[in-house]
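upload_16.tsv (TSV, C-alpha atoms)
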```tsv
chain	number	residue	atom	x	y	z
T	685	MET	CA	-30.20	78.40	63.25
T	686	ASP	CA	-28.72	79.34	59.87
T	687	THR	CA	-26.28	81.77	61.42
T	688	ILE	CA	-25.23	79.20	64.00
T	689	SER	CA	-24.57	76.50	61.46
T	690	HIS	CA	-22.54	78.95	59.40
T	691	ASN	CA	-20.17	79.09	62.33
T	692	ILE	CA	-18.91	75.56	61.80
T	693	GLN	CA	-18.55	75.80	58.04
T	694	ALA	CA	-14.81	76.05	58.30
T	695	VAL	CA	-14.01	73.55	61.06
T	696	PRO	CA	-12.11	70.62	59.55
T	697	LEU	CA	-13.20	67.10	60.37
T	698	ASN	CA	-9.75	66.34	61.79
T	699	HIS	CA	-10.28	68.84	64.56
T	700	TYR	CA	-13.43	67.04	65.67
T	701	LEU	CA	-11.44	63.79	65.62
T	702	LEU	CA	-8.68	65.38	67.70
T	703	LEU	CA	-11.12	66.81	70.25
T	704	CYS	CA	-12.94	63.52	70.69
T	705	ALA	CA	-9.71	61.52	70.89
T	706	THR	CA	-8.42	63.90	73.57
T	707	ILE	CA	-11.56	63.59	75.67
T	708	PHE	CA	-11.63	59.82	75.20
T	709	SER	CA	-8.06	59.48	76.41
T	710	ILE	CA	-8.81	61.75	79.37
T	711	GLY	CA	-11.53	59.24	80.23
T	712	VAL	CA	-9.05	56.36	79.87
T	713	ILE	CA	-6.60	58.12	82.19
T	714	GLY	CA	-9.39	58.70	84.69
T	715	VAL	CA	-10.28	55.00	84.70
T	716	LEU	CA	-6.65	54.01	85.15
T	717	THR	CA	-5.63	56.47	87.85
T	718	ARG	CA	-8.61	56.85	90.18
T	719	ARG	CA	-9.80	54.44	92.86
T	720	ASN	CA	-13.22	55.84	93.64
T	721	ALA	CA	-15.76	53.62	91.85
T	722	ILE	CA	-18.12	56.53	91.11
T	723	ILE	CA	-15.39	58.60	89.47
T	724	ILE	CA	-14.36	55.62	87.36
T	725	PHE	CA	-17.97	55.32	86.30
T	726	MET	CA	-18.04	59.02	85.39
T	727	SER	CA	-14.92	58.58	83.27
T	728	VAL	CA	-16.72	55.83	81.36
T	729	GLU	CA	-19.59	58.28	80.75
T	730	LEU	CA	-17.06	60.81	79.45
T	731	MET	CA	-15.76	58.25	76.95
T	732	LEU	CA	-19.29	57.37	75.82
T	733	ASN	CA	-20.08	61.03	75.26
T	734	SER	CA	-16.96	61.74	73.24
T	735	VAL	CA	-17.88	58.89	70.91
T	736	ASN	CA	-21.42	60.29	70.65
T	737	LEU	CA	-20.05	63.67	69.62
T	738	LEU	CA	-17.83	62.09	66.97
T	739	LEU	CA	-20.71	60.04	65.58
T	740	THR	CA	-22.75	63.21	65.26
T	741	ALA	CA	-19.89	65.03	63.56
T	742	PHE	CA	-19.53	62.21	61.02
T	743	SER	CA	-23.27	62.16	60.52
T	744	VAL	CA	-23.27	65.88	59.69
T	745	TYR	CA	-20.19	65.44	57.52
T	746	ARG	CA	-21.77	62.68	55.45
T	747	GLY	CA	-25.24	64.23	55.46
T	748	ASP	CA	-26.69	60.97	56.77
T	749	ALA	CA	-29.11	61.11	59.68
T	750	THR	CA	-28.62	57.44	60.64
T	751	GLY	CA	-25.65	58.37	62.81
T	752	GLN	CA	-27.80	60.64	64.93
T	753	VAL	CA	-30.42	57.92	65.38
T	754	PHE	CA	-27.60	55.66	66.55
T	755	VAL	CA	-26.47	58.29	69.06
T	756	PHE	CA	-30.02	58.35	70.38
T	757	PHE	CA	-29.90	54.58	70.96
T	758	ILE	CA	-26.52	54.92	72.68
T	759	MET	CA	-28.03	57.48	75.05
T	760	ALA	CA	-30.94	55.15	75.91
T	761	LEU	CA	-28.44	52.36	76.55
T	762	ALA	CA	-26.26	54.62	78.70
T	763	ALA	CA	-29.26	55.50	80.86
T	764	ALA	CA	-29.98	51.81	81.49
T	765	GLU	CA	-26.31	51.13	82.14
T	766	VAL	CA	-26.04	53.95	84.68
T	767	ALA	CA	-29.11	52.75	86.58
T	768	VAL	CA	-27.81	49.19	86.91
T	769	GLY	CA	-24.23	50.27	87.60
T	770	LEU	CA	-25.17	52.69	90.35
T	771	ALA	CA	-27.39	50.03	91.93
T	772	ILE	CA	-24.40	47.68	91.98
T	773	ILE	CA	-22.23	50.40	93.53
T	774	VAL	CA	-24.85	51.04	96.22
T	775	MET	CA	-24.98	47.33	96.97
T	776	ILE	CA	-21.19	47.14	97.20
T	777	TYR	CA	-21.18	50.12	99.53
T	778	ARG	CA	-23.71	48.44	101.81
T	779	ASN	CA	-21.67	45.26	101.97
T	780	THR	CA	-18.18	46.70	102.36
T	781	ASN	CA	-18.81	50.27	103.61
T	782	SER	CA	-16.46	51.63	100.98
T	783	ILE	CA	-16.41	52.29	97.25
T	784	ASP	CA	-12.70	51.81	96.88
T	785	ILE	CA	-12.16	49.40	94.03
T	786	ASN	CA	-9.17	47.79	95.73
T	787	VAL	CA	-11.56	46.28	98.27
T	788	LEU	CA	-13.20	44.42	95.43
T	789	ASN	CA	-10.26	42.26	94.43
T	790	LYS	CA	-11.92	39.21	95.91
T	791	LEU	CA	-15.18	37.84	94.62
T	792	LYS	CA	-15.94	36.29	97.99
T	793	ASN	CA	-14.64	37.44	101.33
Y	909	MET	CA	-15.42	78.94	63.74
Y	910	SER	CA	-13.73	80.47	66.76
Y	911	THR	CA	-16.81	79.49	68.80
Y	912	PHE	CA	-15.99	75.86	68.15
Y	913	TYR	CA	-12.42	76.21	69.36
Y	914	PHE	CA	-13.46	78.09	72.48
Y	915	ILE	CA	-16.08	75.46	73.38
Y	916	ALA	CA	-13.63	72.67	72.56
Y	917	PHE	CA	-11.10	74.22	74.93
Y	918	LEU	CA	-13.76	74.39	77.65
Y	919	SER	CA	-14.71	70.73	77.09
Y	920	VAL	CA	-11.12	69.54	77.45
Y	921	PHE	CA	-10.45	71.82	80.42
Y	922	PHE	CA	-13.47	70.71	82.42
Y	923	SER	CA	-13.01	67.04	81.56
Y	924	ILE	CA	-9.47	67.27	82.95
Y	925	LEU	CA	-10.94	68.83	86.09
Y	926	VAL	CA	-13.41	65.91	86.34
Y	927	ILE	CA	-10.66	63.36	86.76
Y	928	THR	CA	-8.39	65.51	88.93
Y	929	ALA	CA	-10.86	66.95	91.45
Y	930	LYS	CA	-10.39	65.57	94.97
Y	931	ASN	CA	-13.98	65.92	96.10
Y	932	PRO	CA	-16.39	63.59	94.21
Y	933	VAL	CA	-19.19	66.18	94.37
Y	934	HIS	CA	-17.00	68.75	92.59
Y	935	SER	CA	-16.14	66.08	90.08
Y	936	ILE	CA	-19.81	65.51	89.28
Y	937	LEU	CA	-20.45	69.26	88.97
Y	938	TYR	CA	-17.54	69.57	86.53
Y	939	LEU	CA	-18.98	66.65	84.58
Y	940	ILE	CA	-22.28	68.53	84.31
Y	941	ILE	CA	-20.43	71.52	82.83
Y	942	THR	CA	-18.60	69.22	80.41
Y	943	PHE	CA	-21.89	67.76	79.22
Y	944	PHE	CA	-23.25	71.25	78.82
Y	945	THR	CA	-20.38	72.10	76.46
Y	946	PHE	CA	-21.24	68.93	74.55
Y	947	THR	CA	-24.78	70.21	74.21
Y	948	ILE	CA	-23.38	73.41	72.71
Y	949	HIS	CA	-21.38	71.31	70.26
Y	950	TYR	CA	-24.58	69.60	69.15
Y	951	ILE	CA	-26.28	72.97	68.68
Y	952	LEU	CA	-23.34	74.19	66.60
Y	953	MET	CA	-23.79	71.17	64.36
Y	954	ASN	CA	-27.52	71.97	64.11
Y	955	ALA	CA	-28.45	68.65	65.73
Y	956	GLU	CA	-31.35	70.08	67.72
Y	957	PHE	CA	-32.86	66.78	68.77
Y	958	LEU	CA	-29.61	65.41	70.17
Y	959	ALA	CA	-28.91	68.68	71.97
Y	960	VAL	CA	-32.27	68.50	73.75
Y	961	VAL	CA	-31.91	64.79	74.53
Y	962	ASN	CA	-28.36	65.30	75.81
Y	963	PHE	CA	-29.54	68.16	77.97
Y	964	ILE	CA	-32.50	66.29	79.46
Y	965	VAL	CA	-31.16	62.75	79.71
Y	966	TYR	CA	-27.54	63.36	80.65
Y	967	MET	CA	-27.63	66.59	82.60
Y	968	GLY	CA	-31.13	66.13	83.97
Y	969	ALA	CA	-31.38	62.43	84.71
Y	970	ILE	CA	-28.05	60.65	84.76
Y	971	LEU	CA	-26.01	63.22	86.66
Y	972	VAL	CA	-28.78	63.81	89.20
Y	973	LEU	CA	-28.76	60.04	89.71
Y	974	PHE	CA	-25.01	60.25	90.34
Y	975	LEU	CA	-25.51	63.05	92.84
Y	976	TYR	CA	-28.22	61.15	94.69
Y	977	THR	CA	-26.07	58.03	94.88
Y	978	LEU	CA	-23.21	60.07	96.27
Y	979	MET	CA	-25.59	61.64	98.76
Y	980	LEU	CA	-26.79	58.21	99.92
Y	981	MET	CA	-23.26	57.24	100.89
Y	982	ASN	CA	-21.84	60.18	102.77
Y	983	LEU	CA	-18.17	60.18	101.92
Y	984	ASN	CA	-17.41	63.84	102.04
Y	985	LYS	CA	-13.92	63.48	103.38
Y	986	GLU	CA	-11.38	60.65	103.38
Y	987	SER	CA	-13.11	59.77	100.13
Y	988	GLU	CA	-10.31	57.73	98.66
Y	989	PRO	CA	-6.92	56.61	99.90
Y	990	HIS	CA	-4.22	57.72	97.53
Y	991	LYS	CA	-3.18	55.36	94.88
Y	992	SER	CA	0.55	54.86	94.72
Y	993	ILE	CA	2.30	57.44	92.58
Y	994	LEU	CA	3.76	54.71	90.38
Y	995	ILE	CA	0.33	53.52	89.28
Y	996	LYS	CA	-0.69	57.11	88.52
Y	997	ILE	CA	2.38	57.63	86.34
Y	998	VAL	CA	1.76	54.35	84.53
Y	999	GLY	CA	-1.86	55.36	83.97
Y	1000	PHE	CA	-0.83	58.70	82.49
Y	1001	ILE	CA	1.73	57.03	80.24
Y	1002	ALA	CA	-0.82	54.50	79.02
Y	1003	GLY	CA	-3.42	57.17	78.27
Y	1004	GLY	CA	-0.79	59.39	76.64
Y	1005	CYS	CA	0.36	56.54	74.41
Y	1006	PHE	CA	-3.23	55.94	73.37
Y	1007	LEU	CA	-3.67	59.61	72.46
Y	1008	ALA	CA	-0.32	59.72	70.64
Y	1009	THR	CA	-1.27	56.68	68.57
Y	1010	ILE	CA	-4.55	58.23	67.44
Y	1011	VAL	CA	-2.94	61.61	66.70
Y	1012	ALA	CA	-0.20	59.93	64.66
Y	1013	ALA	CA	-2.80	57.98	62.73
Y	1014	LEU	CA	-4.63	61.26	62.02
Y	1015	LYS	CA	-1.40	62.83	60.79
Y	1016	ALA	CA	-1.06	60.00	58.30
Y	1017	LEU	CA	-4.59	60.70	57.11
Y	1018	HIS	CA	-3.74	64.27	56.00
Y	1019	VAL	CA	-7.05	64.75	54.23
Y	1020	SER	CA	-9.14	67.19	56.19
Y	1021	GLN	CA	-12.26	68.56	54.61
Y	1022	PRO	CA	-14.44	70.95	56.58
Y	1023	VAL	CA	-17.63	69.71	58.19
Y	1024	ILE	CA	-20.35	71.28	56.08
Y	1025	LEU	CA	-24.02	70.84	56.73
Y	1026	GLN	CA	-25.51	70.13	53.31
Y	1027	ASN	CA	-29.07	69.67	54.49
Y	1028	PRO	CA	-30.04	72.16	57.23
Y	1029	GLY	CA	-32.95	69.95	58.39
Y	1030	LEU	CA	-30.72	66.95	59.03
Y	1031	GLY	CA	-30.83	66.85	62.81
Y	1032	LEU	CA	-34.30	68.23	63.34
Y	1033	VAL	CA	-36.99	66.26	65.14
Y	1034	LYS	CA	-39.11	65.93	62.00
Y	1035	ASN	CA	-36.37	64.27	59.98
Y	1036	LEU	CA	-35.05	62.04	62.77
Y	1037	GLY	CA	-38.56	60.98	63.80
Y	1038	GLY	CA	-39.30	59.87	60.25
Y	1039	ILE	CA	-36.20	57.70	60.17
Y	1040	LEU	CA	-36.67	56.41	63.72
Y	1041	PHE	CA	-40.24	55.26	63.19
Y	1042	ASN	CA	-39.76	53.84	59.71
Y	1043	GLU	CA	-36.40	52.11	59.44
Y	1044	TYR	CA	-35.53	51.69	63.10
Y	1045	LEU	CA	-38.91	50.87	64.61
Y	1046	LEU	CA	-37.88	47.44	65.91
Y	1047	PRO	CA	-34.70	48.64	67.72
Y	1048	PHE	CA	-36.77	51.48	69.18
Y	1049	GLU	CA	-39.30	49.07	70.65
Y	1050	LEU	CA	-36.54	46.75	71.85
Y	1051	SER	CA	-34.88	49.61	73.69
Y	1052	SER	CA	-38.06	50.04	75.69
Y	1053	ILE	CA	-37.73	46.43	76.84
Y	1054	LEU	CA	-34.09	47.11	77.68
Y	1055	LEU	CA	-35.05	50.10	79.81
Y	1056	LEU	CA	-37.77	48.13	81.58
Y	1057	SER	CA	-35.40	45.27	82.40
Y	1058	ALA	CA	-32.75	47.75	83.58
Y	1059	MET	CA	-35.30	49.37	85.87
Y	1060	VAL	CA	-36.37	46.02	87.32
Y	1061	GLY	CA	-32.73	44.99	87.71
Y	1062	ALA	CA	-31.77	48.22	89.47
Y	1063	VAL	CA	-34.65	47.93	91.93
Y	1064	LEU	CA	-33.84	44.29	92.57
Y	1065	LEU	CA	-30.14	44.97	93.12
Y	1066	ALA	CA	-30.68	47.93	95.41
Y	1067	THR	CA	-33.20	46.20	97.67
Y	1068	LYS	CA	-31.83	42.67	97.71
Y	1069	ASP	CA	-29.59	43.23	100.69
Y	1070	LYS	CA	-32.31	43.53	103.32
Y	1071	GLU	CA	-34.01	40.29	102.32
Y	1072	SER	CA	-30.79	38.30	102.46
Y	1073	LYS	CA	-30.03	39.70	105.91
Y	1074	THR	CA	-33.40	38.72	107.33
Y	1075	ALA	CA	-33.37	35.35	105.64
```
Take the structure in this file and express it as structure tokens.
Amino acid sequence: MDTISHNIQAVPLNHYLLLCATIFSIGVIGVLTRRNAIIIFMSVELMLNSVNLLLTAFSVYRGDATGQVFVFFIMALAAAEVAVGLAIIVMIYRNTNSIDINVLNKLKN
Amino acid sequence: MSTFYFIAFLSVFFSILVITAKNPVHSILYLIITFFTFTIHYILMNAEFLAVVNFIVYMGAILVLFLYTLMLMNLNKESEPHKSILIKIVGFIAGGCFLATIVAALKALHVSQPVILQNPGLGLVKNLGGILFNEYLLPFELSSILLLSAMVGAVLLATKDKESKTA
């Protein structure tokens, strides 16, 4: 592990920020441009994960393990969110036979 | 150091493929690869615990759940009608503006110290477990209630349809 952690000794914090901002905005573009509800959901997961990575990078940078505990809680929350969200998508698919989000512009049909 | 840049390139490349792939199954498989590169990032930062949790929870549980859901509704072809090209362009412009704003804000920051791991045992299970079960015991127990309620909610939502049809 010592040799591995020597690898990152020279990576500036800004590069972690740039990487995570890039992946986050890729997730935003995915939410805005796709119509498939599952792919939109996956883009949200991508955004959650980029924030997790940045929290870990800051935690290592500051030498404070609280950030990593927080990432652990975010992962538990994401698991719950995915279970409920996919159940809702399955229910929508049963009712409308489609997972196109444009079908869902009415609350009651 | 070059390992980081290579893995970062792979992360961005596969996350672009996630949102551009036509077939939803391919999209999910690319997302699995993206999460695997994230696991490598965690290992590079010596956050062992998070690497293992990311590997098991995200790649093992969440993405398999996605795959099963996609399998339940068989939409192999004609998966989505094309969104109008105008909306796609507007989406790209909006996301690009967001990225440009953050990058410009980072340029103004212009202080960039390297990420150095002062304490090698920072992300190990021993250290994190001590913090988790001392300072954050209450949130930890509350998250178990959250997971239980999410499980009950998911089962209720996914099976509700049949009852309402018979009733």
Using 6 Å as the limit and counting only C-alpha atoms, can you tabulate each residue of chain Y that touches chain T, with its shortest atom-to-atom distance in Å and the two atoms involved, as CSV?
```
residue,atom,partner,partner_atom,distance
Y:Met909,CA,T:Asn691,CA,5.0
Y:Ile927,CA,T:Gly714,CA,5.3
Y:Leu952,CA,T:Ser689,CA,5.8
Y:Lys996,CA,T:Thr717,CA,5.0
Y:Gly999,CA,T:Leu716,CA,5.1
Y:Phe1000,CA,T:Ile713,CA,5.8
Y:Gly1003,CA,T:Ile713,CA,5.1
Y:Leu1007,CA,T:Ser709,CA,5.9
Y:Ser1020,CA,T:Pro696,CA,5.6
Y:Gln1021,CA,T:Pro696,CA,5.4
Y:Pro1022,CA,T:Pro696,CA,3.8
Y:Val1023,CA,T:Tyr745,CA,5.0
Y:Ile1024,CA,T:Gln693,CA,5.2
Y:Leu1025,CA,T:Val744,CA,5.8
Y:Leu1055,CA,T:Ala764,CA,5.6
Y:Ala1058,CA,T:Ala764,CA,5.3
Y:Ala1062,CA,T:Val768,CA,4.8
Y:Leu1065,CA,T:Ala771,CA,5.9
Y:Ala1066,CA,T:Ala771,CA,5.2
```
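You can rank Y:Phe1041, Y:Phe944, Y:Phe1048, Y:Tyr966 by their closest distance to Ala916 in chain Y using all atoms listed in the file, and at the top of that list sits Y:Phe944.
When CA of Val1011 in chain Y is paired with CA of Phe917 in chain Y, their separation reads 17.1 Å.
The space between CA of Phe963 in chain Y and CA of Tyr976 in chain Y spans 18.2 Å.
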Any idea what's packed within 9 Å of Ile941 in chain Y, counting all atoms listed in the file, ignoring anything in its chain fewer than 3 positions away? Could you give it as a PyMOL selection string? chain Y and resi 918-919+922-923+936-938+944-946+967
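Between CA of Val735 in chain T and CA of Phe943 in chain Y the separation is 12.8 Å.
Residues with any atom within 7 Å of Tyr950 in chain Y, counting only C-alpha atoms and excluding same-chain neighbours fewer than 6 positions away, are Glu956, Leu958 and Ala959 of chain Y.
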Selected residues, C-alpha atoms, written as a PDB file, keeping the file's coordinate frame, please.
```
ATOM      1  CA  GLU Y 956     -31.350  70.080  67.720  1.00  0.00           C
ATOM      2  CA  LEU Y 958     -29.610  65.410  70.170  1.00  0.00           C
ATOM      3  CA  ALA Y 959     -28.910  68.680  71.970  1.00  0.00           C
TER       4      ALA Y 959
END
```
Completion step: range 989-1016 of chain Y with N, CA and C atoms as an mmCIF file, keeping the file's coordinate frame:
```
data_model
loop_
_atom_site.group_PDB
_atom_site.id
_atom_site.type_symbol
_atom_site.label_atom_id
_atom_site.label_comp_id
_atom_site.auth_asym_id
_atom_site.auth_seq_id
_atom_site.Cartn_x
_atom_site.Cartn_y
_atom_site.Cartn_z
ATOM 1 N N PRO Y 989 -8.345 56.659 99.568
ATOM 2 C CA PRO Y 989 -6.920 56.610 99.900
ATOM 3 C C PRO Y 989 -6.111 56.776 98.625
ATOM 4 N N HIS Y 990 -4.969 57.397 98.748
ATOM 5 C CA HIS Y 990 -4.220 57.720 97.530
ATOM 6 C C HIS Y 990 -3.634 56.478 96.901
ATOM 7 N N LYS Y 991 -3.817 56.424 95.637
ATOM 8 C CA LYS Y 991 -3.180 55.360 94.880
ATOM 9 C C LYS Y 991 -1.691 55.648 94.838
ATOM 10 N N SER Y 992 -0.887 54.616 94.732
ATOM 11 C CA SER Y 992 0.550 54.860 94.720
ATOM 12 C C SER Y 992 0.918 55.672 93.483
ATOM 13 N N ILE Y 993 1.935 56.503 93.644
ATOM 14 C CA ILE Y 993 2.300 57.440 92.580
ATOM 15 C C ILE Y 993 2.744 56.690 91.327
ATOM 16 N N LEU Y 994 3.288 55.498 91.522
ATOM 17 C CA LEU Y 994 3.760 54.710 90.380
ATOM 18 C C LEU Y 994 2.599 54.347 89.457
ATOM 19 N N ILE Y 995 1.485 53.920 90.089
ATOM 20 C CA ILE Y 995 0.330 53.520 89.280
ATOM 21 C C ILE Y 995 -0.237 54.715 88.536
ATOM 22 N N LYS Y 996 -0.204 55.911 89.204
ATOM 23 C CA LYS Y 996 -0.690 57.110 88.520
ATOM 24 C C LYS Y 996 0.154 57.416 87.297
ATOM 25 N N ILE Y 997 1.490 57.323 87.467
ATOM 26 C CA ILE Y 997 2.380 57.630 86.340
ATOM 27 C C ILE Y 997 2.133 56.640 85.199
ATOM 28 N N VAL Y 998 1.997 55.360 85.570
ATOM 29 C CA VAL Y 998 1.760 54.350 84.530
ATOM 30 C C VAL Y 998 0.439 54.613 83.808
ATOM 31 N N GLY Y 999 -0.576 55.042 84.586
ATOM 32 C CA GLY Y 999 -1.860 55.360 83.970
ATOM 33 C C GLY Y 999 -1.751 56.510 82.991
ATOM 34 N N PHE Y 1000 -1.000 57.565 83.396
ATOM 35 C CA PHE Y 1000 -0.830 58.700 82.490
ATOM 36 C C PHE Y 1000 -0.070 58.303 81.239
ATOM 37 N N ILE Y 1001 0.956 57.452 81.411
ATOM 38 C CA ILE Y 1001 1.730 57.030 80.240
ATOM 39 C C ILE Y 1001 0.857 56.222 79.291
ATOM 40 N N ALA Y 1002 0.031 55.344 79.865
ATOM 41 C CA ALA Y 1002 -0.820 54.500 79.020
ATOM 42 C C ALA Y 1002 -1.824 55.358 78.248
ATOM 43 N N GLY Y 1003 -2.467 56.299 78.958
ATOM 44 C CA GLY Y 1003 -3.420 57.170 78.270
ATOM 45 C C GLY Y 1003 -2.747 58.052 77.243
ATOM 46 N N GLY Y 1004 -1.534 58.553 77.581
ATOM 47 C CA GLY Y 1004 -0.790 59.390 76.640
ATOM 48 C C GLY Y 1004 -0.402 58.631 75.391
ATOM 49 N N CYS Y 1005 0.004 57.362 75.571
ATOM 50 C CA CYS Y 1005 0.360 56.540 74.410
ATOM 51 C C CYS Y 1005 -0.846 56.329 73.508
ATOM 52 N N PHE Y 1006 -1.998 56.120 74.139
ATOM 53 C CA PHE Y 1006 -3.230 55.940 73.370
ATOM 54 C C PHE Y 1006 -3.517 57.178 72.522
ATOM 55 N N LEU Y 1007 -3.411 58.359 73.173
ATOM 56 C CA LEU Y 1007 -3.670 59.610 72.460
ATOM 57 C C LEU Y 1007 -2.658 59.816 71.343
ATOM 58 N N ALA Y 1008 -1.366 59.518 71.642
ATOM 59 C CA ALA Y 1008 -0.320 59.720 70.640
ATOM 60 C C ALA Y 1008 -0.546 58.827 69.436
ATOM 61 N N THR Y 1009 -1.013 57.604 69.678
ATOM 62 C CA THR Y 1009 -1.270 56.680 68.570
ATOM 63 C C THR Y 1009 -2.359 57.234 67.649
ATOM 64 N N ILE Y 1010 -3.442 57.728 68.265
ATOM 65 C CA ILE Y 1010 -4.550 58.230 67.440
ATOM 66 C C ILE Y 1010 -4.121 59.479 66.678
ATOM 67 N N VAL Y 1011 -3.369 60.380 67.364
ATOM 68 C CA VAL Y 1011 -2.940 61.610 66.700
ATOM 69 C C VAL Y 1011 -2.013 61.293 65.537
ATOM 70 N N ALA Y 1012 -1.114 60.304 65.743
ATOM 71 C CA ALA Y 1012 -0.200 59.930 64.660
ATOM 72 C C ALA Y 1012 -0.972 59.342 63.487
ATOM 73 N N ALA Y 1013 -1.987 58.546 63.799
ATOM 74 C CA ALA Y 1013 -2.800 57.980 62.730
ATOM 75 C C ALA Y 1013 -3.533 59.085 61.970
ATOM 76 N N LEU Y 1014 -3.956 60.147 62.682
ATOM 77 C CA LEU Y 1014 -4.630 61.260 62.020
ATOM 78 C C LEU Y 1014 -3.666 62.044 61.145
ATOM 79 N N LYS Y 1015 -2.407 62.138 61.607
ATOM 80 C CA LYS Y 1015 -1.400 62.830 60.790
ATOM 81 C C LYS Y 1015 -1.224 62.111 59.470
ATOM 82 N N ALA Y 1016 -1.250 60.771 59.520
ATOM 83 C CA ALA Y 1016 -1.060 60.000 58.300
ATOM 84 C C ALA Y 1016 -2.253 60.181 57.365
#
```
